[in-house]
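Coordinates as given in work19.pdb (PDB, C-alpha atoms):
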ATOM      1  CA  MET Z  19      16.600 -17.965  -6.186
ATOM      2  CA  THR Z  20      19.990 -19.044  -4.870
ATOM      3  CA  GLU Z  21      23.035 -20.705  -6.411
ATOM      4  CA  LYS Z  22      23.980 -24.262  -5.408
ATOM      5  CA  HIS Z  23      26.458 -24.682  -2.552
ATOM      6  CA  LEU Z  24      28.584 -27.566  -1.369
ATOM      7  CA  SER Z  25      26.316 -27.796   1.656
ATOM      8  CA  SER Z  26      22.864 -28.954   0.606
ATOM      9  CA  GLN Z  27      21.659 -27.967   4.079
ATOM     10  CA  PHE Z  28      22.760 -24.381   3.454
ATOM     11  CA  ASP Z  29      20.820 -24.382   0.167
ATOM     12  CA  SER Z  30      17.777 -25.712   2.011
ATOM     13  CA  GLU Z  31      18.035 -22.980   4.637
ATOM     14  CA  LEU Z  32      18.380 -20.241   2.015
ATOM     15  CA  ASN Z  33      15.428 -21.566   0.024
ATOM     16  CA  GLY Z  34      13.384 -21.919   3.188
ATOM     17  CA  VAL Z  35      13.895 -18.356   4.342
ATOM     18  CA  SER Z  36      13.306 -17.079   0.793
ATOM     19  CA  SER Z  37       9.987 -18.929   0.714
ATOM     20  CA  ARG Z  38       9.037 -17.308   4.010
ATOM     21  CA  VAL Z  39       9.695 -13.882   2.503
ATOM     22  CA  MET Z  40       7.396 -14.711  -0.411
ATOM     23  CA  GLU Z  41       4.745 -15.864   2.061
ATOM     24  CA  LEU Z  42       5.082 -12.591   3.951
ATOM     25  CA  GLY Z  43       4.807 -10.696   0.685
ATOM     26  CA  GLY Z  44       1.562 -12.467  -0.163
ATOM     27  CA  MET Z  45       0.164 -11.639   3.249
ATOM     28  CA  VAL Z  46       1.049  -7.959   2.830
ATOM     29  CA  GLU Z  47      -0.434  -7.864  -0.671
ATOM     30  CA  SER Z  48      -3.695  -9.154   0.795
ATOM     31  CA  GLN Z  49      -3.582  -6.369   3.374
ATOM     32  CA  ILE Z  50      -3.249  -3.766   0.633
ATOM     33  CA  HIS Z  51      -6.201  -5.142  -1.330
ATOM     34  CA  GLN Z  52      -8.379  -5.311   1.785
ATOM     35  CA  ALA Z  53      -7.386  -1.774   2.819
ATOM     36  CA  VAL Z  54      -8.211  -0.306  -0.601
ATOM     37  CA  TYR Z  55     -11.505  -2.219  -0.708
ATOM     38  CA  ALA Z  56     -12.350  -0.854   2.740
ATOM     39  CA  LEU Z  57     -11.638   2.671   1.490
ATOM     40  CA  LEU Z  58     -13.632   2.413  -1.735
ATOM     41  CA  GLN Z  59     -16.602   0.638  -0.145
ATOM     42  CA  PHE Z  60     -16.393   2.255   3.304
ATOM     43  CA  ASP Z  61     -16.314  -1.270   4.706
ATOM     44  CA  ALA Z  62     -15.413  -1.344   8.395
ATOM     45  CA  GLU Z  63     -15.187  -5.144   8.468
ATOM     46  CA  ALA Z  64     -12.560  -5.125   5.707
ATOM     47  CA  ALA Z  65     -10.617  -2.511   7.656
ATOM     48  CA  ASP Z  66     -10.778  -4.748  10.732
ATOM     49  CA  ARG Z  67      -9.367  -7.671   8.739
ATOM     50  CA  VAL Z  68      -6.401  -5.544   7.712
ATOM     51  CA  MET Z  69      -5.649  -4.658  11.307
ATOM     52  CA  GLU Z  70      -6.023  -8.269  12.427
ATOM     53  CA  THR Z  71      -3.483  -9.388   9.803
ATOM     54  CA  GLU Z  72      -1.012  -6.799  11.065
ATOM     55  CA  HIS Z  73      -0.198  -8.936  14.101
ATOM     56  CA  ARG Z  74       0.641 -11.917  11.881
ATOM     57  CA  VAL Z  75       2.835  -9.769   9.637
ATOM     58  CA  ASN Z  76       4.790  -8.426  12.594
ATOM     59  CA  ALA Z  77       5.241 -11.914  14.044
ATOM     60  CA  MET Z  78       6.478 -13.320  10.739
ATOM     61  CA  GLU Z  79       8.999 -10.499  10.339
ATOM     62  CA  ILE Z  80      10.450 -11.367  13.743
ATOM     63  CA  GLU Z  81      10.573 -15.070  12.858
ATOM     64  CA  ILE Z  82      12.388 -14.424   9.560
ATOM     65  CA  ASP Z  83      14.851 -12.110  11.271
ATOM     66  CA  ARG Z  84      15.653 -14.837  13.797
ATOM     67  CA  GLU Z  85      16.157 -17.381  11.021
ATOM     68  CA  LEU Z  86      18.537 -15.013   9.233
ATOM     69  CA  SER Z  87      20.526 -14.349  12.396
ATOM     70  CA  SER Z  88      20.846 -18.092  12.976
ATOM     71  CA  ILE Z  89      22.022 -18.765   9.414
ATOM     72  CA  ILE Z  90      24.614 -15.981   9.557
ATOM     73  CA  ALA Z  91      25.918 -17.155  12.934
ATOM     74  CA  ARG Z  92      26.214 -20.801  11.872
ATOM     75  CA  ARG Z  93      27.293 -20.460   8.231
ATOM     76  CA  GLN Z  94      29.345 -17.248   8.369
ATOM     77  CA  PRO Z  95      28.544 -16.502   4.700
ATOM     78  CA  THR Z  96      30.667 -14.203   2.563
ATOM     79  CA  ALA Z  97      30.377 -12.279  -0.705
ATOM     80  CA  ARG Z  98      27.085 -12.797  -2.583
ATOM     81  CA  ASP Z  99      25.586 -15.089   0.055
ATOM     82  CA  LEU Z 100      26.067 -12.432   2.702
ATOM     83  CA  ARG Z 101      24.605  -9.775   0.401
ATOM     84  CA  LEU Z 102      21.623 -12.038  -0.195
ATOM     85  CA  LEU Z 103      20.947 -12.522   3.506
ATOM     86  CA  ILE Z 104      21.332  -8.802   4.205
ATOM     87  CA  ALA Z 105      18.969  -7.990   1.330
ATOM     88  CA  ILE Z 106      16.427 -10.543   2.564
ATOM     89  CA  SER Z 107      16.527  -8.884   5.992
ATOM     90  CA  LYS Z 108      15.972  -5.446   4.478
ATOM     91  CA  THR Z 109      13.251  -6.742   2.174
ATOM     92  CA  THR Z 110      11.457  -8.296   5.136
ATOM     93  CA  ALA Z 111      11.637  -4.974   6.986
ATOM     94  CA  ASN Z 112      10.208  -3.153   3.971
ATOM     95  CA  LEU Z 113       7.357  -5.643   3.659
ATOM     96  CA  GLU Z 114       6.522  -5.140   7.322
ATOM     97  CA  ARG Z 115       6.426  -1.390   6.682
ATOM     98  CA  VAL Z 116       4.098  -1.921   3.732
ATOM     99  CA  GLY Z 117       1.844  -3.728   6.193
ATOM    100  CA  ASP Z 118       2.107  -0.704   8.465
ATOM    101  CA  GLU Z 119       0.936   1.553   5.617
ATOM    102  CA  ALA Z 120      -2.012  -0.752   4.904
ATOM    103  CA  ASN Z 121      -2.833  -0.681   8.605
ATOM    104  CA  LYS Z 122      -2.739   3.129   8.574
ATOM    105  CA  ILE Z 123      -5.176   3.158   5.665
ATOM    106  CA  ALA Z 124      -7.512   0.787   7.523
ATOM    107  CA  ARG Z 125      -7.447   2.895  10.694
ATOM    108  CA  MET Z 126      -8.121   6.078   8.753
ATOM    109  CA  VAL Z 127     -10.968   4.414   6.859
ATOM    110  CA  LYS Z 128     -12.625   3.506  10.153
ATOM    111  CA  SER Z 129     -12.218   7.105  11.305
ATOM    112  CA  ILE Z 130     -13.757   8.392   8.067
ATOM    113  CA  ILE Z 131     -16.655   5.942   8.352
ATOM    114  CA  GLU Z 132     -17.348   7.087  11.908
ATOM    115  CA  SER Z 133     -17.302  10.759  10.871
ATOM    116  CA  GLY Z 134     -19.359  10.128   7.699
ATOM    117  CA  SER Z 135     -17.703  13.124   6.079
ATOM    118  CA  ALA Z 136     -15.779  11.896   3.034
ATOM    119  CA  ARG Z 137     -18.314  10.244   0.761
ATOM    120  CA  GLN Z 138     -18.500  13.316  -1.454
ATOM    121  CA  LEU Z 139     -14.745  13.311  -2.059
ATOM    122  CA  PRO Z 140     -12.866  11.474  -4.866
ATOM    123  CA  THR Z 141     -11.876   8.330  -2.980
ATOM    124  CA  THR Z 142     -12.271   6.242  -6.141
ATOM    125  CA  GLU Z 143      -9.397   8.153  -7.724
ATOM    126  CA  LEU Z 144      -7.082   6.599  -5.171
ATOM    127  CA  ARG Z 145      -7.732   3.242  -6.870
ATOM    128  CA  ILE Z 146      -5.355   4.084  -9.731
ATOM    129  CA  ALA Z 147      -2.453   4.859  -7.416
ATOM    130  CA  ALA Z 148      -3.313   1.890  -5.188
ATOM    131  CA  ASP Z 149      -3.377  -0.495  -8.166
ATOM    132  CA  LEU Z 150      -0.032   0.874  -9.368
ATOM    133  CA  ALA Z 151       1.507   0.437  -5.925
ATOM    134  CA  SER Z 152       0.116  -3.067  -5.476
ATOM    135  CA  ASN Z 153       1.289  -4.175  -8.925
ATOM    136  CA  LEU Z 154       4.704  -2.656  -8.288
ATOM    137  CA  LEU Z 155       5.044  -4.617  -5.057
ATOM    138  CA  ARG Z 156       3.959  -7.864  -6.746
ATOM    139  CA  THR Z 157       6.461  -7.290  -9.555
ATOM    140  CA  ALA Z 158       9.199  -6.518  -7.028
ATOM    141  CA  LEU Z 159       8.577  -9.760  -5.151
ATOM    142  CA  ASP Z 160       8.592 -11.768  -8.377
ATOM    143  CA  ALA Z 161      11.820 -10.070  -9.464
ATOM    144  CA  PHE Z 162      13.345 -10.750  -6.046
ATOM    145  CA  ALA Z 163      12.506 -14.451  -6.315
ATOM    146  CA  ARG Z 164      14.255 -14.595  -9.706
ATOM    147  CA  LEU Z 165      16.943 -11.986  -8.924
ATOM    148  CA  ASP Z 166      15.902 -10.256 -12.145
ATOM    149  CA  THR Z 167      17.822  -6.981 -12.458
ATOM    150  CA  GLY Z 168      15.985  -6.057 -15.664
ATOM    151  CA  ALA Z 169      12.647  -6.176 -13.847
ATOM    152  CA  ALA Z 170      14.209  -4.279 -10.943
ATOM    153  CA  LEU Z 171      15.248  -1.489 -13.285
ATOM    154  CA  SER Z 172      11.687  -1.265 -14.680
ATOM    155  CA  ILE Z 173      10.326  -0.979 -11.140
ATOM    156  CA  LEU Z 174      12.629   1.944 -10.391
ATOM    157  CA  LYS Z 175      11.291   3.727 -13.460
ATOM    158  CA  ASP Z 176       7.637   2.875 -12.778
ATOM    159  CA  ASP Z 177       7.788   4.329  -9.267
ATOM    160  CA  ASP Z 178       7.634   7.765 -10.908
ATOM    161  CA  LEU Z 179       4.086   6.972 -12.108
ATOM    162  CA  ILE Z 180       2.866   6.611  -8.517
ATOM    163  CA  ASP Z 181       4.525   9.901  -7.599
ATOM    164  CA  LYS Z 182       2.721  11.607 -10.484
ATOM    165  CA  GLU Z 183      -0.625  10.137  -9.414
ATOM    166  CA  PHE Z 184      -0.003  11.386  -5.884
ATOM    167  CA  ASP Z 185       0.837  14.903  -7.103
ATOM    168  CA  GLY Z 186      -2.290  14.995  -9.271
ATOM    169  CA  PHE Z 187      -4.483  13.819  -6.418
ATOM    170  CA  VAL Z 188      -3.049  16.474  -4.103
ATOM    171  CA  ARG Z 189      -3.865  19.187  -6.639
ATOM    172  CA  LYS Z 190      -7.447  17.925  -6.893
ATOM    173  CA  LEU Z 191      -7.862  17.889  -3.118
ATOM    174  CA  VAL Z 192      -6.569  21.454  -2.910
ATOM    175  CA  THR Z 193      -9.226  22.451  -5.445
ATOM    176  CA  TYR Z 194     -11.947  20.772  -3.361
ATOM    177  CA  MET Z 195     -10.786  22.554  -0.221
ATOM    178  CA  MET Z 196     -10.683  25.933  -1.952
ATOM    179  CA  GLU Z 197     -14.169  25.490  -3.413
ATOM    180  CA  ASP Z 198     -15.725  24.200  -0.190
ATOM    181  CA  PRO Z 199     -13.867  24.797   3.102
ATOM    182  CA  ARG Z 200     -16.191  22.265   4.754
ATOM    183  CA  THR Z 201     -14.241  19.512   2.987
ATOM    184  CA  ILE Z 202     -10.883  20.503   4.495
ATOM    185  CA  SER Z 203     -10.910  17.986   7.329
ATOM    186  CA  ALA Z 204     -11.981  15.064   5.127
ATOM    187  CA  SER Z 205      -9.555  16.129   2.384
ATOM    188  CA  LEU Z 206      -6.667  16.030   4.830
ATOM    189  CA  ASP Z 207      -7.711  12.494   5.761
ATOM    190  CA  LEU Z 208      -7.600  11.483   2.093
ATOM    191  CA  LEU Z 209      -4.240  13.177   1.683
ATOM    192  CA  PHE Z 210      -2.956  10.978   4.502
ATOM    193  CA  LEU Z 211      -4.308   7.922   2.679
ATOM    194  CA  ALA Z 212      -2.735   8.954  -0.616
ATOM    195  CA  LYS Z 213       0.623   9.408   1.094
ATOM    196  CA  ALA Z 214       0.386   5.900   2.582
ATOM    197  CA  ILE Z 215      -0.205   4.483  -0.909
ATOM    198  CA  GLU Z 216       2.772   6.419  -2.260
ATOM    199  CA  ARG Z 217       4.936   4.974   0.505
ATOM    200  CA  ILE Z 218       3.952   1.440  -0.564
ATOM    201  CA  GLY Z 219       5.429   2.233  -3.968
ATOM    202  CA  ASP Z 220       8.580   3.531  -2.285
ATOM    203  CA  HIS Z 221       9.024   0.236  -0.430
ATOM    204  CA  ALA Z 222       8.623  -1.709  -3.681
ATOM    205  CA  LYS Z 223      11.331   0.507  -5.141
ATOM    206  CA  ASN Z 224      13.576  -0.308  -2.178
ATOM    207  CA  ILE Z 225      13.154  -4.031  -2.843
ATOM    208  CA  ALA Z 226      14.162  -3.467  -6.477
ATOM    209  CA  GLU Z 227      17.320  -1.714  -5.279
ATOM    210  CA  PHE Z 228      18.138  -4.701  -3.050
ATOM    211  CA  ILE Z 229      17.966  -7.000  -6.095
ATOM    212  CA  ILE Z 230      20.634  -4.968  -7.841
ATOM    213  CA  TYR Z 231      22.689  -4.980  -4.656
ATOM    214  CA  ILE Z 232      22.571  -8.792  -4.472
ATOM    215  CA  VAL Z 233      23.451  -9.397  -8.106
ATOM    216  CA  LYS Z 234      25.909  -6.575  -8.772
ATOM    217  CA  GLY Z 235      27.127  -5.715  -5.285
ATOM    218  CA  ALA Z 236      26.293  -2.074  -5.988
ATOM    219  CA  ASP Z 237      24.338   0.198  -3.674
ATOM    220  CA  VAL Z 238      22.180   2.200  -6.096
ATOM    221  CA  ARG Z 239      20.263   4.226  -3.536
ATOM    222  CA  HIS Z 240      20.406   7.962  -4.273
ATOM    223  CA  THR Z 241      21.863   7.104  -7.699
ATOM    224  CA  SER Z 242      20.721   8.543 -11.019
ATOM    225  CA  MET Z 243      18.914   6.288 -13.479
ATOM    226  CA  GLU Z 244      21.776   6.692 -15.952
ATOM    227  CA  GLU Z 245      24.287   5.444 -13.387
ATOM    228  CA  ILE Z 246      22.063   2.490 -12.464
ATOM    229  CA  GLU Z 247      21.671   1.487 -16.103
ATOM    230  CA  SER Z 248      25.443   1.725 -16.526
ATOM    231  CA  ALA Z 249      26.008  -0.503 -13.471
ATOM    232  CA  LEU Z 250      23.721  -3.172 -14.938
ATOM    233  CA  GLN Z 251      25.545  -3.360 -18.268
TER
END
Take the structure in this file and express it as structure tokens.
Amino acid sequence: MTEKHLSSQFDSELNGVSSRVMELGGMVESQIHQAVYALLQFDAEAADRVMETEHRVNAMEIEIDRELSSIIARRQPTARDLRLLIAISKTTANLERVGDEANKIARMVKSIIESGSARQLPTTELRIAADLASNLLRTALDAFARLDTGAALSILKDDDLIDKEFDGFVRKLVTYMMEDPRTISASLDLLFLAKAIERIGDHAKNIAEFIIYIVKGADVRHTSMEEIESALQ
């Protein structure tokens, strides 16, 4: 992931913290899969596992942040190295927030199970958006490990697919609520779940933007796709 430096110890530290980020990413991916499984199967035990993992995710984020602070204080990096460390910090924060979204899904699933009110609603249709979001996150982590700006650009484009799935799901829930007002409460719960899945895609998009920041030194947030493509040429 990183270029070679005169200090082999510095290289070791950078590779070590990068590996920790990948480990955190794997942990968060597992949370997403467990949360979606809990939703589709109404499995309270799977939801509990998601919430149990949340504590480990939070602890690892703190540990990585401390490692980064120590490296910056001791090495005083500049230019691309500093951008890399800043981007790792922001990526770690985004992964922790993905874990938060998975935790939200798990908590809502337990609430739905207790109420027993949502089995007649289209929970399986959330699988498409959830799979898109999960795959986007996995691709973002792989691209981050390789600092692949081409893959990062594809992720920014693919995020629109999740947004479209979310919009379509919202329209379907509105139809359910109009046809049967008794489904309003459960539909609002599912809307909350769909929004959490959409936010996972947003965090994957953020990671893709950090890749471009590391490699090109350009902040492409709130930038049009045409401008991003131009910056990568």
So, with only C-alpha atoms as the atoms that count, which of Z:Ala124, Z:Val35, Z:Ala97, Z:Ile82 lies closest to Glu63 in chain Z?
Z:Ala124
Spatial neighbours of range 222-227 of chain Z, 6 Å, all atoms listed in the file, chain gap at least 3 places, as a PDB file with C-alpha atoms, in the coordinates of the input:
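Here's the written file part-v2.pdb:
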ATOM      1  CA  THR Z 109      13.251  -6.742   2.174  1.00  0.00           C
ATOM      2  CA  LEU Z 155       5.044  -4.617  -5.057  1.00  0.00           C
ATOM      3  CA  ALA Z 158       9.199  -6.518  -7.028  1.00  0.00           C
ATOM      4  CA  ALA Z 170      14.209  -4.279 -10.943  1.00  0.00           C
ATOM      5  CA  LEU Z 174      12.629   1.944 -10.391  1.00  0.00           C
ATOM      6  CA  GLY Z 219       5.429   2.233  -3.968  1.00  0.00           C
ATOM      7  CA  ILE Z 230      20.634  -4.968  -7.841  1.00  0.00           C
TER       8      ILE Z 230
END
So that I can see what lies close to Asn112 in chain Z, please list as a list in words the residues with an atom at most 10 Å from it, counting all atoms listed in the file and leaving out residues fewer than 2 positions away in the same chain.
Gly43, Glu79, Ile106, Ser107, Lys108, Thr109, Thr110, Glu114, Arg115, Val116, Gly117, Asp118, Ile218, Asp220, His221, Ala222, Lys223, Asn224 and Ile225 of chain Z
Give as a PyMOL selection string the residues that the PyMOL selection byres ((chain Z and resi 75) around 12) matches when applied to the coordinates above.
chain Z and resi 38-39+41-49+68-74+76-82+110-118+120-121
Where does the PyMOL selection byres ((chain Z and resi 126) around 10) land in this file, that is, which residues does it pick, as an NGL selection string?
:Z and (53 or 57 or 65 or 120-125 or 127-132 or 207-208 or 210-211)
Can you measure CA of Val188 in chain Z to CA of Ser205 in chain Z for me? One decimal in Å is fine.
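A separation of 9.2 Å between them.
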Write range 87-98 of chain Z as a PDB file, in the frame of the given file, completed to all heavy atoms.
ATOM      1  N   SER Z  87      19.452 -14.464  11.398  1.00  0.00           N
ATOM      2  CA  SER Z  87      20.526 -14.349  12.396  1.00  0.00           C
ATOM      3  C   SER Z  87      21.164 -15.703  12.670  1.00  0.00           C
ATOM      4  O   SER Z  87      22.392 -15.810  12.799  1.00  0.00           O
ATOM      5  CB  SER Z  87      19.973 -13.752  13.698  1.00  0.00           C
ATOM      6  OG  SER Z  87      19.483 -12.445  13.485  1.00  0.00           O
ATOM      7  N   SER Z  88      20.336 -16.748  12.727  1.00  0.00           N
ATOM      8  CA  SER Z  88      20.846 -18.092  12.976  1.00  0.00           C
ATOM      9  C   SER Z  88      21.712 -18.575  11.817  1.00  0.00           C
ATOM     10  O   SER Z  88      22.791 -19.147  12.022  1.00  0.00           O
ATOM     11  CB  SER Z  88      19.675 -19.053  13.195  1.00  0.00           C
ATOM     12  OG  SER Z  88      20.129 -20.381  13.340  1.00  0.00           O
ATOM     13  N   ILE Z  89      21.254 -18.338  10.589  1.00  0.00           N
ATOM     14  CA  ILE Z  89      22.022 -18.765   9.414  1.00  0.00           C
ATOM     15  C   ILE Z  89      23.372 -18.058   9.363  1.00  0.00           C
ATOM     16  O   ILE Z  89      24.415 -18.680   9.119  1.00  0.00           O
ATOM     17  CB  ILE Z  89      21.224 -18.494   8.119  1.00  0.00           C
ATOM     18  CG1 ILE Z  89      19.994 -19.403   8.051  1.00  0.00           C
ATOM     19  CG2 ILE Z  89      22.099 -18.711   6.892  1.00  0.00           C
ATOM     20  CD1 ILE Z  89      19.053 -19.074   6.901  1.00  0.00           C
ATOM     21  N   ILE Z  90      23.365 -16.745   9.601  1.00  0.00           N
ATOM     22  CA  ILE Z  90      24.614 -15.981   9.557  1.00  0.00           C
ATOM     23  C   ILE Z  90      25.580 -16.458  10.631  1.00  0.00           C
ATOM     24  O   ILE Z  90      26.791 -16.617  10.394  1.00  0.00           O
ATOM     25  CB  ILE Z  90      24.325 -14.477   9.712  1.00  0.00           C
ATOM     26  CG1 ILE Z  90      23.586 -13.948   8.471  1.00  0.00           C
ATOM     27  CG2 ILE Z  90      25.619 -13.693   9.935  1.00  0.00           C
ATOM     28  CD1 ILE Z  90      23.099 -12.528   8.599  1.00  0.00           C
ATOM     29  N   ALA Z  91      25.061 -16.719  11.826  1.00  0.00           N
ATOM     30  CA  ALA Z  91      25.918 -17.155  12.934  1.00  0.00           C
ATOM     31  C   ALA Z  91      26.522 -18.532  12.665  1.00  0.00           C
ATOM     32  O   ALA Z  91      27.700 -18.778  12.979  1.00  0.00           O
ATOM     33  CB  ALA Z  91      25.126 -17.172  14.232  1.00  0.00           C
ATOM     34  N   ARG Z  92      25.742 -19.428  12.065  1.00  0.00           N
ATOM     35  CA  ARG Z  92      26.214 -20.801  11.872  1.00  0.00           C
ATOM     36  C   ARG Z  92      27.031 -20.976  10.597  1.00  0.00           C
ATOM     37  O   ARG Z  92      27.999 -21.731  10.560  1.00  0.00           O
ATOM     38  CB  ARG Z  92      25.022 -21.761  11.852  1.00  0.00           C
ATOM     39  CG  ARG Z  92      24.381 -21.964  13.213  1.00  0.00           C
ATOM     40  CD  ARG Z  92      23.237 -22.957  13.169  1.00  0.00           C
ATOM     41  NE  ARG Z  92      22.073 -22.453  12.428  1.00  0.00           N
ATOM     42  CZ  ARG Z  92      21.756 -22.802  11.195  1.00  0.00           C
ATOM     43  NH1 ARG Z  92      22.511 -23.673  10.534  1.00  0.00           N
ATOM     44  NH2 ARG Z  92      20.673 -22.318  10.605  1.00  0.00           N
ATOM     45  N   ARG Z  93      26.655 -20.251   9.536  1.00  0.00           N
ATOM     46  CA  ARG Z  93      27.293 -20.460   8.231  1.00  0.00           C
ATOM     47  C   ARG Z  93      28.405 -19.452   7.936  1.00  0.00           C
ATOM     48  O   ARG Z  93      29.251 -19.719   7.086  1.00  0.00           O
ATOM     49  CB  ARG Z  93      26.231 -20.376   7.128  1.00  0.00           C
ATOM     50  CG  ARG Z  93      25.098 -21.384   7.285  1.00  0.00           C
ATOM     51  CD  ARG Z  93      25.593 -22.807   7.171  1.00  0.00           C
ATOM     52  NE  ARG Z  93      24.484 -23.773   7.315  1.00  0.00           N
ATOM     53  CZ  ARG Z  93      24.659 -25.080   7.311  1.00  0.00           C
ATOM     54  NH1 ARG Z  93      25.878 -25.587   7.181  1.00  0.00           N
ATOM     55  NH2 ARG Z  93      23.619 -25.899   7.454  1.00  0.00           N
ATOM     56  N   GLN Z  94      28.369 -18.309   8.606  1.00  0.00           N
ATOM     57  CA  GLN Z  94      29.345 -17.248   8.369  1.00  0.00           C
ATOM     58  C   GLN Z  94      29.544 -17.004   6.863  1.00  0.00           C
ATOM     59  O   GLN Z  94      30.658 -17.157   6.337  1.00  0.00           O
ATOM     60  CB  GLN Z  94      30.678 -17.588   9.040  1.00  0.00           C
ATOM     61  CG  GLN Z  94      30.572 -17.717  10.546  1.00  0.00           C
ATOM     62  CD  GLN Z  94      31.888 -17.997  11.225  1.00  0.00           C
ATOM     63  OE1 GLN Z  94      32.870 -18.375  10.588  1.00  0.00           O
ATOM     64  NE2 GLN Z  94      31.932 -17.800  12.527  1.00  0.00           N
ATOM     65  N   PRO Z  95      28.464 -16.673   6.161  1.00  0.00           N
ATOM     66  CA  PRO Z  95      28.544 -16.502   4.700  1.00  0.00           C
ATOM     67  C   PRO Z  95      29.373 -15.288   4.301  1.00  0.00           C
ATOM     68  O   PRO Z  95      29.552 -14.349   5.079  1.00  0.00           O
ATOM     69  CB  PRO Z  95      27.077 -16.311   4.299  1.00  0.00           C
ATOM     70  CG  PRO Z  95      26.455 -15.708   5.520  1.00  0.00           C
ATOM     71  CD  PRO Z  95      27.128 -16.361   6.683  1.00  0.00           C
ATOM     72  N   THR Z  96      29.888 -15.320   3.090  1.00  0.00           N
ATOM     73  CA  THR Z  96      30.667 -14.203   2.563  1.00  0.00           C
ATOM     74  C   THR Z  96      30.148 -13.843   1.176  1.00  0.00           C
ATOM     75  O   THR Z  96      29.333 -14.548   0.583  1.00  0.00           O
ATOM     76  CB  THR Z  96      32.159 -14.563   2.469  1.00  0.00           C
ATOM     77  OG1 THR Z  96      32.291 -15.722   1.609  1.00  0.00           O
ATOM     78  CG2 THR Z  96      32.732 -14.883   3.833  1.00  0.00           C
ATOM     79  N   ALA Z  97      30.661 -12.725   0.659  1.00  0.00           N
ATOM     80  CA  ALA Z  97      30.377 -12.279  -0.705  1.00  0.00           C
ATOM     81  C   ALA Z  97      28.881 -12.258  -1.008  1.00  0.00           C
ATOM     82  O   ALA Z  97      28.090 -11.708  -0.244  1.00  0.00           O
ATOM     83  CB  ALA Z  97      31.122 -13.146  -1.710  1.00  0.00           C
ATOM     84  N   ARG Z  98      28.471 -12.891  -2.116  1.00  0.00           N
ATOM     85  CA  ARG Z  98      27.085 -12.797  -2.583  1.00  0.00           C
ATOM     86  C   ARG Z  98      26.109 -13.410  -1.590  1.00  0.00           C
ATOM     87  O   ARG Z  98      24.995 -12.903  -1.417  1.00  0.00           O
ATOM     88  CB  ARG Z  98      26.953 -13.475  -3.941  1.00  0.00           C
ATOM     89  CG  ARG Z  98      25.515 -13.474  -4.469  1.00  0.00           C
ATOM     90  CD  ARG Z  98      25.479 -13.793  -5.936  1.00  0.00           C
ATOM     91  NE  ARG Z  98      24.123 -14.088  -6.367  1.00  0.00           N
ATOM     92  CZ  ARG Z  98      23.716 -14.046  -7.628  1.00  0.00           C
ATOM     93  NH1 ARG Z  98      24.546 -13.705  -8.565  1.00  0.00           N
ATOM     94  NH2 ARG Z  98      22.481 -14.354  -7.958  1.00  0.00           N
TER      95      ARG Z  98
END
